[in-house]
Each structure stands twice: as structure tokens, then as C-alpha cells.
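*Asks:* Quick one: this structure, given as C-alpha cells, is what I'll be asking you about.
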Amino acid sequence: MTRVKQLTGPLQLTNDGQLRHFLTIEGLSKTLLNNILNTAESFIIVGSKAVKNVPLLRGKTVVNLFFENSTRTRSTFELAAKRLSADVLNIDILTSSASKGESLLDTLRNLRAMQSDMFVIRHADSGAAHFIAAEVTPDVAIINAGDGHHSHPTQAMLDMLTIRRHKSNFDQLSVAIVGDIRHSRVARSQVQALKTLGCSDVRLIAPDTLMPPHASTLGVTTYRDLDQGLEGVDVVMVLRLQTERMASAFLPSANEYYNFYGLTRKRLQRAKADVIIMHPGPINRGVEIESEVADGKHSMILNQVGYGIAIRMAVMSMVISGQACQSRETNYGCVD
Amino acid sequence: MPNIYQLLSQFFTQVDALLKEKAIKQPLITGIRTGGVWIAEALHQHLDSAHAPGSLDISFYRDDFSRQGLNTTVLPSTLPFQVDGRHLLLIDDVLMTGRTIRAVLNEIFDYGRPASVNLIALCSINSRELPFQPDVCTLFINLKQGQYIQLSGPQPLSLQVINKVFS
């Protein structure tokens, strides 16, 4: 995880503390995180109806603007927007005018001229979603779908939903995060969400080269040894090992990494008997996780995908709701 | 206000008469959250239905979302049965503008196509904005401007007229 400028405060909240954009977990209250989780719970049932749509965002236009490749995140955002009855536009940035040199802001201004109401943005640069949120007009909402090494807040919230649905209170849990924590926007957001929700035993497990230098300031316990770190945990969140790290000499080889940090059935015996295993995907079998563990009874990896749709529906409806309240509050106040 | 339990007794009698008149056997009971769910539970016990009552939260179907925002206390809707081809009794505690009924009908049809839906309300007040009338209603009340009716519960149930306080 790379340190970035502190990007919290009123930018993503309305004056009365509701979501207006969703940029980072950092700075959000426990109450607000629980509101997101509660709202997502109500959206899970929508997926089991004969007609899987609700009309909340009817007439709204959501633009998925992905400057990095993505399959799971982009498709679940698209599905979430469609289940909310929004019109969805997917911009393939590799074939867009951005590839001809158009600036990020010019791309957005053109899309805004098409009366878009929400942009879901993934970008390789940390802080990109914040930069855009600070520039857009008040009637446009920004959702961060991952920015550089900084933040991936919807992934963290779907992970929290997975834990809450399969475990007890956060303050009773021991949670281990294993893998390339240093470069992971997912891990950064996971730690923030876990700490905000009251989890007191968060463990980061990684070799020194993949551990963030400021880990000790995060209120977590760090482990170099996987076996020690897994002792008695309730939840293991495995991170994808990004192969480009090998080229950057952070690791000698994938095999070496698997030998020391691959989550295997044998190693998992150190965790609690009812441990759950999570992974943001895509998984590298035989690199960070053994196939039998990824497909085993403890695995929540496919459940996470379904919960991802519900979380994204919740966040999208909440930011549009926040906008509605903000535009009303000067005249009427906002009601429940 | 009349005693709520005397009102419920009268309400059950009216529902029995409706079911007999329409020859509906084994109806599925669904309450509109929150007060409608309490009344649906009471009716479920009275009819001794085989199916547990459903409960619908219309927060995702409201027509004022873009002005009022999302209800932060939204709860999952639960229909513990298939609605296709079945007769539904839709239970509301207080029928007011009719906007909730529009929303809840939209939600029900997202679950399937019932054979019929009968709207059963404990009370109806004179503030209709959409053309819905109940098939059963035990108490019709004309309220003055600034008043509304509130059902408190679930144990004990109580019905009262509230005067809005304007700040």
C-alpha cells in the first residue's frame, strides 16, 4: 500500500453526513458502514425475484469508466446499475478518445454533456476518483471502483458483508489478510473497514518486501510467518499475487512464494475449524492459494461475487439518495 | 378512537365474509411494513393459514425516491411462498394516499403473477391521491389538515390520531 494524500472529509459526504460520492472507506463512520451493509442486505433478496429489478434509478444514466482492465468489478457494477433500472454506458477506454490524447477531465466533460448522473471510475492513479469528484457539478456522483494503490471501497464493503453474513460480531473476530499488502488497494480498504467496524484483531501476513512500511501505524499485527499468523483466525482474506511484482524483484518466483505463503489445506488447519476463506479475484491457483482450498467448503469466493452486486446497488442508490437530500435540504430538510 | 382489539374482531369478520363471497380458499397473506405486517400476523392466526405471512418493504419502489432519498431503515422483503396463480390478501394498517399500494403492487408483480390481490385495510383516511379503494376496510376516518393516524405495536397494538408539529 502506498501512502497517498489524506483524502477524506466533506467531499464524499453531504452536510448531514450522507454519502454523496463513494471514494474511500477512510473517514466514514461505523454507522454509515452499517447502513451500507443493511441496505445491501435488502438488495440481496432482489436477486431472487422473478424480475430482478427495482425502479430506484429509473431515468438515471450510469457511466462505467474503466481505465484499467476489470472483469468482475466492471460486470457487477453494470449488473447493479441495471438492476436499479439505470441506463448504463460502458466506456472501453482503450478504444476511446482518451487513447488519442484526450485528457481525463475532457473525457468526463463530454460524457457529462450526455446528461450522465453517475460515473464509476477505475484508474491506475491513486486519487483519480477524488480528483474527478472535486471537479464535477453537484448533480453528478462518483464511485471509486479502484484507484492505484489507494482504495477499493466497494470491494472492502462486499468483503465486510460476506463476513457479517457468515460470522458473528466484528469485535469477536480474528481476521488475517495474506499476500501482496504493500501494493493492494483492496487490503488498505479492508483494514480501514475492519477497524471502523470494531475488529480488534486484524493480522497482515506478508514477506517484508510486500508489507507496507507504515503497517505498524494501522492498528494491526504484522506477521512474516504464515503459520503463526493463521493461528486461531476466523477469516482469511487472500490477496492476488500480481505477477508484475516478480519482474520488479519483490519476489524471487511464484513457486517460492507458494512454498512460504500459499494457503494450503495443511496450513489452514491452524485456523479455527469454521474459518472462512475470501479472495477478491481473479485467483492464481497454485500461487497464493491451493485449488482444493479455493473450491473447498470454507471458501466464500463465489458468494463474494453475488454480494458484490448487492453492495454496489446499495452504494449507487445511497449516493443518488444523498444528492436528492442535498438538493432538498436547504428548502425542506430530508426525511427517512 | 375505537378499541383496537374490538376493531380487529370486526375486521376478521369482514375478511371472512370477503373470502366466502369470493370463494377464496387458502389465501396468501402479505403485510405492508410496518403496521400492515402486525395486522397480517393477527389475521394469519385468525385464519390459521398454512403459510407464514409475507412482509413487503416498499422503500425500493417509492415514487418519491428522487426527492426524498432512500429510507435508511429499509428491511428485506420476504415472501415465503410462490405468488403465481395464488390469491393474495394485501394487508395495510392505514390506507392513505394510495401511493404505497401502487408501489407494493409493482413489487408483488416482480415476484410473479397472482390470480388475484385483495386490498385489506384496517383504516382508511380521506387523503387519497391515487385511485385505490380497499376490498375490506373496518374504519373510515375523516382527518383534519395536519393530522395522521399511527398504529403502534406489535404488543400491544394501539391506534391513535397524531397532530403534526410544524417547526
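Every chain in the C-alpha cells takes a letter, A first, then B, and so on in the order presented; its residues are numbered from 1, and the ligands are numbered from 1 following the presented order.
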Would you list the contacts of Ala86 of chain A as a ChimeraX atom specification, taking every protein, DNA or RNA residue within 6 Å and counting only C-alpha atoms, but skipping same-chain residues closer than 6 positions in sequence?

*Replies:* /A:57-58,60-61

*Asks:* Those residues with N, CA and C atoms, as a short mmCIF file (atom, residue, chain, number, x, y, z; two decimals), in the first residue's frame please?

*Replies:*
```cif
data_model
loop_
_atom_site.label_atom_id
_atom_site.label_comp_id
_atom_site.auth_asym_id
_atom_site.auth_seq_id
_atom_site.Cartn_x
_atom_site.Cartn_y
_atom_site.Cartn_z
N LEU A 57 -33.32 3.79 -9.74
CA LEU A 57 -32.51 4.70 -10.58
C LEU A 57 -33.08 4.82 -11.99
N ARG A 58 -34.38 4.60 -12.11
CA ARG A 58 -35.00 4.74 -13.43
C ARG A 58 -34.82 6.17 -13.93
N LYS A 60 -31.97 7.48 -14.65
CA LYS A 60 -30.59 7.92 -14.39
C LYS A 60 -29.64 7.22 -15.37
N THR A 61 -28.53 7.87 -15.65
CA THR A 61 -27.53 7.28 -16.54
C THR A 61 -26.23 7.08 -15.76
#
```

*Asks:* Determine which residues of segment 32-167 of chain B DSSP labels as strand (DSSP E) from the backbone of this structure, then write them out as an MDAnalysis selection string.

*Replies:* chainID B and resid 32 54:56 87:95 116:125 136:141 147:152 158:163

*Asks:* Give me the chain A side of the contact with chain B, cut-off 9 Å, one line per residue showing its nearest atom pair and distance in Å at one decimal, counting only C-alpha atoms, sorted by chain and residue number, as JSON lines.

*Replies:*
```
{"residue": "A:Asn35", "atom": "CA", "partner": "B:Thr72", "partner_atom": "CA", "distance": 6.9}
{"residue": "A:Asn38", "atom": "CA", "partner": "B:Leu75", "partner_atom": "CA", "distance": 7.6}
{"residue": "A:Thr39", "atom": "CA", "partner": "B:Val74", "partner_atom": "CA", "distance": 6.5}
{"residue": "A:Glu41", "atom": "CA", "partner": "B:Pro76", "partner_atom": "CA", "distance": 6.6}
{"residue": "A:Ser42", "atom": "CA", "partner": "B:Pro76", "partner_atom": "CA", "distance": 4.0}
{"residue": "A:Phe43", "atom": "CA", "partner": "B:Pro76", "partner_atom": "CA", "distance": 7.2}
{"residue": "A:Ile44", "atom": "CA", "partner": "B:Pro76", "partner_atom": "CA", "distance": 8.1}
{"residue": "A:Ile45", "atom": "CA", "partner": "B:Pro76", "partner_atom": "CA", "distance": 6.6}
{"residue": "A:Val46", "atom": "CA", "partner": "B:Ser77", "partner_atom": "CA", "distance": 8.6}
{"residue": "A:Ser48", "atom": "CA", "partner": "B:Tyr111", "partner_atom": "CA", "distance": 8.7}
{"residue": "A:Lys49", "atom": "CA", "partner": "B:Tyr111", "partner_atom": "CA", "distance": 5.1}
{"residue": "A:Ala50", "atom": "CA", "partner": "B:Tyr111", "partner_atom": "CA", "distance": 5.1}
{"residue": "A:Val51", "atom": "CA", "partner": "B:Asp110", "partner_atom": "CA", "distance": 4.7}
{"residue": "A:Lys52", "atom": "CA", "partner": "B:Asp110", "partner_atom": "CA", "distance": 7.3}
{"residue": "A:Asn53", "atom": "CA", "partner": "B:Asp110", "partner_atom": "CA", "distance": 7.8}
{"residue": "A:Val54", "atom": "CA", "partner": "B:Phe60", "partner_atom": "CA", "distance": 6.2}
{"residue": "A:Pro55", "atom": "CA", "partner": "B:Tyr61", "partner_atom": "CA", "distance": 6.0}
{"residue": "A:Leu56", "atom": "CA", "partner": "B:Phe60", "partner_atom": "CA", "distance": 5.8}
{"residue": "A:Leu57", "atom": "CA", "partner": "B:Ser66", "partner_atom": "CA", "distance": 8.3}
{"residue": "A:Leu84", "atom": "CA", "partner": "B:Phe60", "partner_atom": "CA", "distance": 8.9}
{"residue": "A:Ser317", "atom": "CA", "partner": "B:Leu70", "partner_atom": "CA", "distance": 7.3}
{"residue": "A:Met318", "atom": "CA", "partner": "B:Leu70", "partner_atom": "CA", "distance": 6.7}
{"residue": "A:Ile320", "atom": "CA", "partner": "B:Gly69", "partner_atom": "CA", "distance": 7.5}
{"residue": "A:Ser321", "atom": "CA", "partner": "B:Gly69", "partner_atom": "CA", "distance": 4.0}
{"residue": "A:Gly322", "atom": "CA", "partner": "B:Gly69", "partner_atom": "CA", "distance": 6.6}
{"residue": "A:Gln323", "atom": "CA", "partner": "B:Gly69", "partner_atom": "CA", "distance": 8.0}
{"residue": "A:Ala324", "atom": "CA", "partner": "B:Arg67", "partner_atom": "CA", "distance": 5.4}
{"residue": "A:Cys325", "atom": "CA", "partner": "B:Gly69", "partner_atom": "CA", "distance": 5.9}
{"residue": "A:Ser327", "atom": "CA", "partner": "B:Arg67", "partner_atom": "CA", "distance": 8.4}
{"residue": "A:Arg328", "atom": "CA", "partner": "B:Arg67", "partner_atom": "CA", "distance": 7.2}
{"residue": "A:Cys334", "atom": "CA", "partner": "B:Gln68", "partner_atom": "CA", "distance": 6.1}
{"residue": "A:Val335", "atom": "CA", "partner": "B:Gln68", "partner_atom": "CA", "distance": 6.1}
{"residue": "A:Asp336", "atom": "CA", "partner": "B:Asn71", "partner_atom": "CA", "distance": 4.8}
```

*Asks:* Store the residues picked out above in a file with C-alpha atoms, as a PDB file, in the first residue's frame.

*Replies:*
```
ATOM      1  CA  ASN A  35     -26.126   1.499   6.797  1.00  0.00           C
ATOM      2  CA  ASN A  38     -28.027  -3.100   5.956  1.00  0.00           C
ATOM      3  CA  THR A  39     -29.148  -1.632   2.651  1.00  0.00           C
ATOM      4  CA  GLU A  41     -28.930  -6.997   2.788  1.00  0.00           C
ATOM      5  CA  SER A  42     -32.242  -5.759   1.421  1.00  0.00           C
ATOM      6  CA  PHE A  43     -30.877  -5.829  -2.119  1.00  0.00           C
ATOM      7  CA  ILE A  44     -29.736  -9.459  -1.863  1.00  0.00           C
ATOM      8  CA  ILE A  45     -33.364 -10.620  -1.968  1.00  0.00           C
ATOM      9  CA  VAL A  46     -33.926  -8.635  -5.179  1.00  0.00           C
ATOM     10  CA  SER A  48     -34.007 -13.977  -6.129  1.00  0.00           C
ATOM     11  CA  LYS A  49     -37.175 -12.438  -7.573  1.00  0.00           C
ATOM     12  CA  ALA A  50     -38.621 -13.398 -10.954  1.00  0.00           C
ATOM     13  CA  VAL A  51     -37.938  -9.822 -12.079  1.00  0.00           C
ATOM     14  CA  LYS A  52     -34.575  -8.888 -10.597  1.00  0.00           C
ATOM     15  CA  ASN A  53     -35.000  -5.129 -10.970  1.00  0.00           C
ATOM     16  CA  VAL A  54     -36.164  -2.312  -8.740  1.00  0.00           C
ATOM     17  CA  PRO A  55     -37.024   1.121 -10.160  1.00  0.00           C
ATOM     18  CA  LEU A  56     -34.841   3.287  -7.896  1.00  0.00           C
ATOM     19  CA  LEU A  57     -32.509   4.695 -10.575  1.00  0.00           C
ATOM     20  CA  LEU A  84     -31.566  -0.466 -10.243  1.00  0.00           C
ATOM     21  CA  SER A 317     -28.734   4.124  -4.530  1.00  0.00           C
ATOM     22  CA  MET A 318     -27.258   5.798  -1.437  1.00  0.00           C
ATOM     23  CA  ILE A 320     -28.175   9.256  -5.535  1.00  0.00           C
ATOM     24  CA  SER A 321     -30.250   9.462  -2.348  1.00  0.00           C
ATOM     25  CA  GLY A 322     -27.577  11.718  -0.810  1.00  0.00           C
ATOM     26  CA  GLN A 323     -27.795  14.001  -3.817  1.00  0.00           C
ATOM     27  CA  ALA A 324     -31.581  14.129  -3.547  1.00  0.00           C
ATOM     28  CA  CYS A 325     -31.329  15.093   0.103  1.00  0.00           C
ATOM     29  CA  SER A 327     -30.687  19.382  -3.190  1.00  0.00           C
ATOM     30  CA  ARG A 328     -33.699  19.438  -0.851  1.00  0.00           C
ATOM     31  CA  CYS A 334     -34.681  15.381   4.239  1.00  0.00           C
ATOM     32  CA  VAL A 335     -36.952  12.661   5.524  1.00  0.00           C
ATOM     33  CA  ASP A 336     -36.425   8.975   6.212  1.00  0.00           C
TER      34      ASP A 336
END
```

*Asks:* Quick one: pull the distance between atom CA of Val94 of chain B and atom CA of Val15 of chain B, Å, one decimal.

*Replies:*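 Distance between the two atoms: 15.9 Å.
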
*Asks:* Please compute the atom CA of Leu33 of chain A-atom CA of Ile276 of chain A distance, one decimal, in Å.

*Replies:*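 A separation of 21.4 Å between them.
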
*Asks:* Extract, using only C-alpha atoms, all DNA, RNA and protein residues at most 8 Å from segment 173-178 of chain A, discarding same-chain residues fewer than 3 positions from it, and format them as a list of chain:residue names.

*Replies:*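 Selected residues are A:Ser168, A:Asn169, A:Phe170, A:Ile181, A:Ala187, A:Cys199, A:Ser200, A:Asp201, A:Val202, A:Arg203, A:Leu204, A:Ile205, A:Ala206, A:Leu226, A:Gly229, A:Leu230, A:Gly232, A:Val233, A:Asp234, A:Val235, A:Val236, A:Met237, A:Val238, A:Leu239, A:Tyr261.
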
*Asks:* Looking at B:Lys144, B:Leu151, B:Leu130, B:Leu19, which one is nearest to Lys164 of chain B, with distances taken over only C-alpha atoms?

*Replies:*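 Checking each candidate against Lys164 of chain B, we get B:Lys144 as the closest.
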
*Asks:* Quick one: everything within 10 Å of Pro2 of chain B, counting only C-alpha atoms, minus sequence neighbours fewer than 5 positions away in the same chain. Send it as a PyMOL selection string.

*Replies:* chain B and resi 7+139+158-160

*Asks:* Can you tell me, as a PDB file with C-alpha atoms, in the first residue's frame, what residues are no more than 9 Å from Ala52 of chain B when counting only C-alpha atoms, ignoring any on the same chain fewer than 5 positions away?

*Replies:*
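Okay, selection.pdb is ready:
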```
ATOM      1  CA  LEU B  28     -51.664 -15.998   0.967  1.00  0.00           C
ATOM      2  CA  ILE B  29     -51.362 -13.152   3.470  1.00  0.00           C
ATOM      3  CA  THR B  30     -48.885 -10.330   2.923  1.00  0.00           C
ATOM      4  CA  GLU B  41     -49.765 -11.691  11.624  1.00  0.00           C
ATOM      5  CA  HIS B  44     -52.731 -15.256   9.883  1.00  0.00           C
ATOM      6  CA  LEU B  79     -42.443 -13.640   0.575  1.00  0.00           C
ATOM      7  CA  PRO B  80     -42.099 -17.199   1.872  1.00  0.00           C
ATOM      8  CA  PHE B  81     -44.256 -18.621  -0.949  1.00  0.00           C
TER       9      PHE B  81
END
```

*Asks:* Mind checking DSSP for segment 49-101 of chain B and telling me the helix (DSSP H, G or I) residues as JSON, numbers by chain?

*Replies:* {"B": [58, 59, 60, 61, 65, 66, 67, 68, 99, 100, 101]}

*Asks:* From the list A:Leu32, A:Ala273, A:Leu19, A:Ala40, which residue is nearest Arg165 of chain A when using only C-alpha atoms?

*Replies:*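 The answer is A:Ala40, which sits nearest to Arg165 of chain A.
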
*Asks:* Need to verify the contact set: segment 115-125 of chain B, 7 Å, only C-alpha atoms, exclusion of same-chain residues closer than 5 positions in sequence. Can you return it as a list in words?

*Replies:*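 The contact residues come out as Phe11, Asp84, Gly85, Arg86, His87, Leu88, Leu89, Leu90, Ile91, Asp92, Asp93, Val94, Leu95, Met96, Pro134, Asp135, Val136, Cys137, Thr138, Leu139, Phe140, Ile141, Asn142 and Leu143 of chain B.
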
*Asks:* How would the residues just picked look written out with C-alpha atoms as a PDB file, in the first residue's frame?

*Replies:*
```
ATOM      1  CA  PHE B  11     -62.025  -6.752  10.731  1.00  0.00           C
ATOM      2  CA  ASP B  84     -48.038 -17.302  -9.255  1.00  0.00           C
ATOM      3  CA  GLY B  85     -51.691 -18.263  -9.600  1.00  0.00           C
ATOM      4  CA  ARG B  86     -52.448 -17.685  -5.899  1.00  0.00           C
ATOM      5  CA  HIS B  87     -54.944 -15.387  -4.200  1.00  0.00           C
ATOM      6  CA  LEU B  88     -53.202 -12.696  -2.142  1.00  0.00           C
ATOM      7  CA  LEU B  89     -54.623 -10.706   0.736  1.00  0.00           C
ATOM      8  CA  LEU B  90     -52.608  -7.489   0.849  1.00  0.00           C
ATOM      9  CA  ILE B  91     -52.787  -6.016   4.333  1.00  0.00           C
ATOM     10  CA  ASP B  92     -52.289  -2.348   5.148  1.00  0.00           C
ATOM     11  CA  ASP B  93     -52.883  -0.782   8.531  1.00  0.00           C
ATOM     12  CA  VAL B  94     -53.853   2.685   7.342  1.00  0.00           C
ATOM     13  CA  LEU B  95     -54.714   3.385   3.712  1.00  0.00           C
ATOM     14  CA  MET B  96     -53.828   6.991   2.974  1.00  0.00           C
ATOM     15  CA  PRO B 134     -59.965  -1.274  -0.252  1.00  0.00           C
ATOM     16  CA  ASP B 135     -61.913  -4.524  -0.656  1.00  0.00           C
ATOM     17  CA  VAL B 136     -62.213  -4.594   3.125  1.00  0.00           C
ATOM     18  CA  CYS B 137     -61.933  -1.633   5.475  1.00  0.00           C
ATOM     19  CA  THR B 138     -63.164  -1.564   9.038  1.00  0.00           C
ATOM     20  CA  LEU B 139     -62.791   2.088   9.905  1.00  0.00           C
ATOM     21  CA  PHE B 140     -63.171   5.147   7.662  1.00  0.00           C
ATOM     22  CA  ILE B 141     -61.936   8.360   9.239  1.00  0.00           C
ATOM     23  CA  ASN B 142     -62.018  11.958   8.052  1.00  0.00           C
ATOM     24  CA  LEU B 143     -58.963  13.734   9.405  1.00  0.00           C
TER      25      LEU B 143
END
```

*Asks:* Just how far from atom CA of Lys82 of chain A is atom CA of Ile121 of chain A, in Å to one decimal?

*Replies:*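 Taking atom CA of Ile121 of chain A as the start and atom CA of Lys82 of chain A as the end point, the length is 16.8 Å.
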